[in-house]
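Okay, my_file_15.txt is below, compact mmCIF, C-alpha atoms:
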# COMPACT_ATOMS: atom_id res chain seq x y z
CA MET C 1247 -44.11 17.25 -47.39
CA ALA C 1248 -46.44 14.26 -46.94
CA ARG C 1249 -45.11 10.72 -47.19
CA LYS C 1250 -46.90 7.89 -48.90
CA GLN C 1251 -47.62 4.76 -46.88
CA ASN C 1252 -45.30 2.74 -49.17
CA ASP C 1253 -42.41 5.11 -48.37
CA ASP C 1254 -42.70 4.16 -44.69
CA LEU C 1255 -42.41 0.49 -45.57
CA LEU C 1256 -39.32 1.19 -47.63
CA ILE C 1257 -37.72 3.05 -44.74
CA GLU C 1258 -38.47 0.14 -42.36
CA ASP C 1259 -36.98 -2.34 -44.88
CA GLU C 1260 -33.84 -0.20 -45.27
CA LEU C 1261 -33.51 -0.01 -41.49
CA ALA C 1262 -33.83 -3.77 -41.15
CA ALA C 1263 -31.31 -4.30 -43.96
CA ALA C 1264 -28.81 -2.09 -42.16
CA PHE C 1265 -28.84 -4.46 -39.21
CA LEU C 1266 -28.97 -7.75 -41.08
CA ASN C 1267 -26.56 -9.18 -43.62
CA ASP C 1268 -27.44 -11.63 -46.44
CA ASP C 1269 -27.25 -14.66 -44.13
CA SER C 1270 -30.06 -13.88 -41.68
CA SER C 1271 -29.16 -16.84 -39.45
CA ALA C 1272 -25.73 -15.37 -38.54
CA PRO C 1273 -25.42 -12.23 -36.45
CA ALA C 1274 -24.38 -9.06 -38.23
CA PRO C 1275 -20.57 -8.48 -38.21
CA ASP C 1276 -20.85 -5.55 -35.80
CA LEU C 1277 -22.98 -7.62 -33.42
CA GLN C 1278 -20.57 -10.56 -33.69
CA GLN C 1279 -17.63 -8.30 -32.88
CA ALA C 1280 -19.49 -6.77 -29.90
CA GLN C 1281 -20.35 -10.24 -28.57
CA GLN C 1282 -16.74 -11.39 -28.86
CA SER C 1283 -15.31 -8.31 -27.16
CA SER C 1284 -17.94 -8.48 -24.40
CA ALA C 1285 -17.18 -12.15 -23.78
CA SER C 1286 -13.44 -11.48 -23.52
CA GLU C 1287 -13.80 -8.66 -20.95
CA ASP C 1288 -13.94 -9.23 -17.18
CA GLN C 1289 -17.13 -8.50 -15.38
CA GLY C 1290 -15.57 -5.24 -14.11
CA TRP C 1291 -15.22 -1.95 -15.96
CA SER C 1292 -13.79 -2.17 -19.48
CA GLU C 1293 -10.43 -0.56 -20.16
CA SER C 1294 -11.96 2.21 -22.27
CA GLU C 1295 -14.23 3.24 -19.38
CA ASP C 1296 -11.20 3.54 -17.07
CA ASP C 1297 -9.58 5.99 -19.47
CA PHE C 1298 -12.26 8.65 -18.95
CA PRO C 1299 -13.26 10.18 -15.64
CA GLY C 1300 -16.91 9.90 -14.63
CA GLN C 1301 -19.12 12.88 -15.24
CA LEU C 1302 -20.75 14.65 -12.34
CA ALA C 1303 -24.47 15.50 -12.60
CA VAL C 1304 -25.31 19.10 -11.74
CA ASP C 1305 -28.33 21.35 -11.24
CA VAL C 1306 -27.92 25.00 -12.28
CA TYR C 1307 -30.53 27.66 -11.50
CA GLU C 1308 -30.89 31.38 -10.85
CA THR C 1309 -32.41 33.53 -8.15
CA GLU C 1310 -32.79 37.32 -8.39
CA GLU C 1311 -29.23 37.92 -7.18
CA GLN C 1312 -27.39 34.61 -7.63
CA LEU C 1313 -26.53 31.73 -9.91
CA ILE C 1314 -26.52 28.43 -8.01
CA VAL C 1315 -24.78 25.20 -9.03
CA LYS C 1316 -25.56 22.04 -7.04
CA ALA C 1317 -23.88 18.67 -7.42
CA ARG C 1318 -24.32 15.41 -5.51
CA THR C 1319 -20.94 14.46 -4.16
CA ALA C 1320 -21.94 11.94 -1.49
CA GLY C 1321 -18.95 10.10 -0.10
CA VAL C 1322 -16.45 12.70 -1.26
CA ASN C 1323 -14.39 14.49 1.35
CA LYS C 1324 -14.09 18.24 0.78
CA ASP C 1325 -10.30 17.79 0.64
CA GLU C 1326 -10.79 15.52 -2.39
CA LEU C 1327 -12.78 18.16 -4.31
CA ASP C 1328 -11.29 20.74 -6.65
CA VAL C 1329 -13.54 23.62 -7.74
CA SER C 1330 -12.27 26.37 -10.04
CA ILE C 1331 -13.63 29.09 -12.31
CA SER C 1332 -11.99 31.00 -15.12
CA ASP C 1333 -13.63 33.21 -17.75
CA GLY C 1334 -17.12 31.91 -16.97
CA ILE C 1335 -16.08 28.24 -17.12
CA LEU C 1336 -16.67 26.24 -13.93
CA THR C 1337 -14.77 22.99 -13.29
CA ILE C 1338 -15.57 20.55 -10.49
CA SER C 1339 -13.38 17.48 -10.12
CA GLY C 1340 -12.45 14.97 -7.48
CA THR C 1341 -12.34 11.33 -6.52
CA MET C 1342 -15.06 9.05 -5.16
CA SER C 1343 -13.40 6.24 -3.27
CA SER C 1344 -14.80 3.12 -1.69
CA SER C 1345 -12.65 1.49 0.96
CA ASP C 1346 -14.64 -1.75 0.67
CA GLU C 1347 -13.15 -2.78 -2.70
CA GLN C 1348 -10.04 -4.38 -1.20
CA ASP C 1349 -12.12 -6.93 0.74
CA ALA C 1350 -14.43 -7.87 -2.16
CA THR C 1351 -13.72 -11.26 -3.71
CA ASN C 1352 -16.73 -11.68 -5.98
CA TRP C 1353 -18.89 -8.80 -7.24
CA HIS C 1354 -22.58 -9.58 -7.80
CA ILE C 1355 -23.72 -6.09 -8.79
CA GLN C 1356 -21.57 -3.02 -9.36
CA GLU C 1357 -23.65 0.03 -10.27
CA CYS C 1358 -22.00 2.77 -8.23
CA TYR C 1359 -19.26 4.78 -9.87
CA TRP C 1360 -15.97 4.87 -7.94
CA GLY C 1361 -12.97 6.80 -9.14
CA GLU C 1362 -12.16 10.17 -10.62
CA PHE C 1363 -14.91 12.46 -11.84
CA SER C 1364 -14.91 15.81 -13.56
CA ARG C 1365 -17.44 18.28 -14.87
CA THR C 1366 -16.76 21.47 -16.79
CA LEU C 1367 -19.56 23.79 -17.79
CA ALA C 1368 -19.97 27.28 -19.17
CA LEU C 1369 -22.05 29.36 -16.81
CA PRO C 1370 -25.22 30.63 -18.51
CA VAL C 1371 -25.03 34.19 -17.12
CA PRO C 1372 -22.17 36.56 -16.24
CA VAL C 1373 -21.08 36.22 -12.60
CA LYS C 1374 -18.66 37.98 -10.26
CA GLU C 1375 -15.93 35.35 -10.13
CA ASP C 1376 -14.41 36.89 -7.00
CA GLU C 1377 -17.73 36.72 -5.09
CA VAL C 1378 -18.38 33.01 -4.84
CA GLY C 1379 -19.23 30.67 -2.00
CA ALA C 1380 -18.97 26.87 -1.88
CA VAL C 1381 -20.51 24.65 0.79
CA LEU C 1382 -20.42 20.86 1.08
CA LYS C 1383 -23.30 19.68 3.27
CA ASP C 1384 -25.00 16.28 3.47
CA GLY C 1385 -23.27 15.08 0.31
CA VAL C 1386 -24.36 18.05 -1.80
CA LEU C 1387 -21.88 20.63 -3.08
CA THR C 1388 -23.55 24.04 -3.48
CA ILE C 1389 -21.68 26.81 -5.30
CA SER C 1390 -23.25 30.29 -5.22
CA PHE C 1391 -22.17 33.09 -7.54
CA GLN C 1392 -23.23 36.72 -7.40
CA LYS C 1393 -24.66 37.64 -10.79
CA VAL C 1394 -23.32 40.65 -12.68
CA LYS C 1395 -26.04 43.26 -12.93
CA GLN C 1396 -26.97 43.84 -16.53
CA GLU C 1397 -28.05 47.36 -17.31
CA GLN C 1398 -31.49 47.64 -18.80
CA ALA C 1399 -31.55 48.71 -22.41
CA LYS C 1400 -32.34 52.40 -22.72
CA LYS C 1401 -34.89 53.54 -25.20
CA ILE C 1402 -33.42 55.88 -27.77
CA THR C 1403 -35.80 58.42 -29.21
CA ILE C 1404 -35.54 58.84 -32.96
CA GLN C 1405 -35.94 62.46 -34.09
Rewrite the structure of this file - the entire thing - as C-alpha cells.
Amino acid sequence: MARKQNDDLLIEDELAAAFLNDDSSAPAPDLQQAQQSSASEDQGWSESEDDFPGQLAVDVYETEEQLIVKARTAGVNKDELDVSISDGILTISGTMSSSDEQDATNWHIQECYWGEFSRTLALPVPVKEDEVGAVLKDGVLTISFQKVKQEQAKKITIQ
C-alpha cells in the first residue's frame, strides 16, 4: 500500500506532538520527571541497576561435531564462575570484582561493569549434556558440547 506525501507529514506531526505538550517552552512531563530523578541520583549506579545482575555477552557457534559457547570473563577467577546445564538450558553466572574500589575517592569515568553477572540461554541444537568441557584461558571461558547426531531423514517410497 503506497502512502501519500501528506500522510508522511501527518505522521511526523503526530510524532512531534507525542513528545511535546501544549506549552512548547516547558519540557514534556516525562522529560521533566527524568531530569528530576537523574539530578537526585548519585553519579554511581542507580538503585534499579543494582537490582539486576549484569548480562554476559556470548558467542555461540557449531563445528561438525561440537557446539561451542565462548564468553569474555576477564578478571573473573574460575572459582567465582558457576556453569550449569539442564534440559538444553545453559547458565553462566559469577562475580566480577575490582579491588580498587575501596581506595577510590572521586570517580571520573566508570564504564566497566563490576558485580554479579548471569546469562541463561537455550542451546540451539541438541547436545550430550554429560560430554561437556569448560576451559578458562586468557579471560575467555570456552564451553564445548558434543552434538547429538541427528539421523538423516529416510526417503519413503510410495507404492
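In this comparison, which uses all atoms listed in the file, the residue of C:Ser1364, C:Val1378, C:Leu1369, C:Ile1355 approaching Ala1303 in chain C most closely is C:Ser1364.
With distances restricted to only C-alpha atoms, C:Gln1301 is the closest residue to Ile1338 in chain C from C:Thr1351, C:Gln1312, C:Gln1356, C:Gln1301.
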If we count all atoms listed in the file, what is near Lys1393 in chain C at a cut-off of 8 Å, once residues fewer than 4 positions away on the same chain are taken out, given as a PyMOL selection string? chain C and resi 1311-1313+1371-1374
Would you export the selected residues with C-alpha atoms as a short mmCIF file (atom, residue, chain, number, x, y, z; two decimals), in the coordinates of the input, please?
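Dumped to result14.cif:
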data_model
loop_
_atom_site.label_atom_id
_atom_site.label_comp_id
_atom_site.auth_asym_id
_atom_site.auth_seq_id
_atom_site.Cartn_x
_atom_site.Cartn_y
_atom_site.Cartn_z
CA GLU C 1311 -29.23 37.92 -7.18
CA GLN C 1312 -27.39 34.61 -7.63
CA LEU C 1313 -26.53 31.73 -9.91
CA VAL C 1371 -25.03 34.19 -17.12
CA PRO C 1372 -22.17 36.56 -16.24
CA VAL C 1373 -21.08 36.22 -12.60
CA LYS C 1374 -18.66 37.98 -10.26
#
Would you pick out the contacts of range 1381-1392 of chain C at 12 Å or less, using all atoms listed in the file, so that residues sharing its chain but fewer than 6 positions from it are not included, and give the list as a PyMOL selection string? chain C and resi 1302-1331+1334+1336-1340+1342+1369-1375
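The spacing separating CA of Gln1396 in chain C from CA of Glu1377 in chain C amounts to 16.3 Å.
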In Å to one decimal, how far is CA of Ser1332 in chain C from CA of Gly1361 in chain C? 24.9 Å
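Between CA of Gly1379 in chain C and CA of Lys1395 in chain C there is a distance of 18.0 Å.
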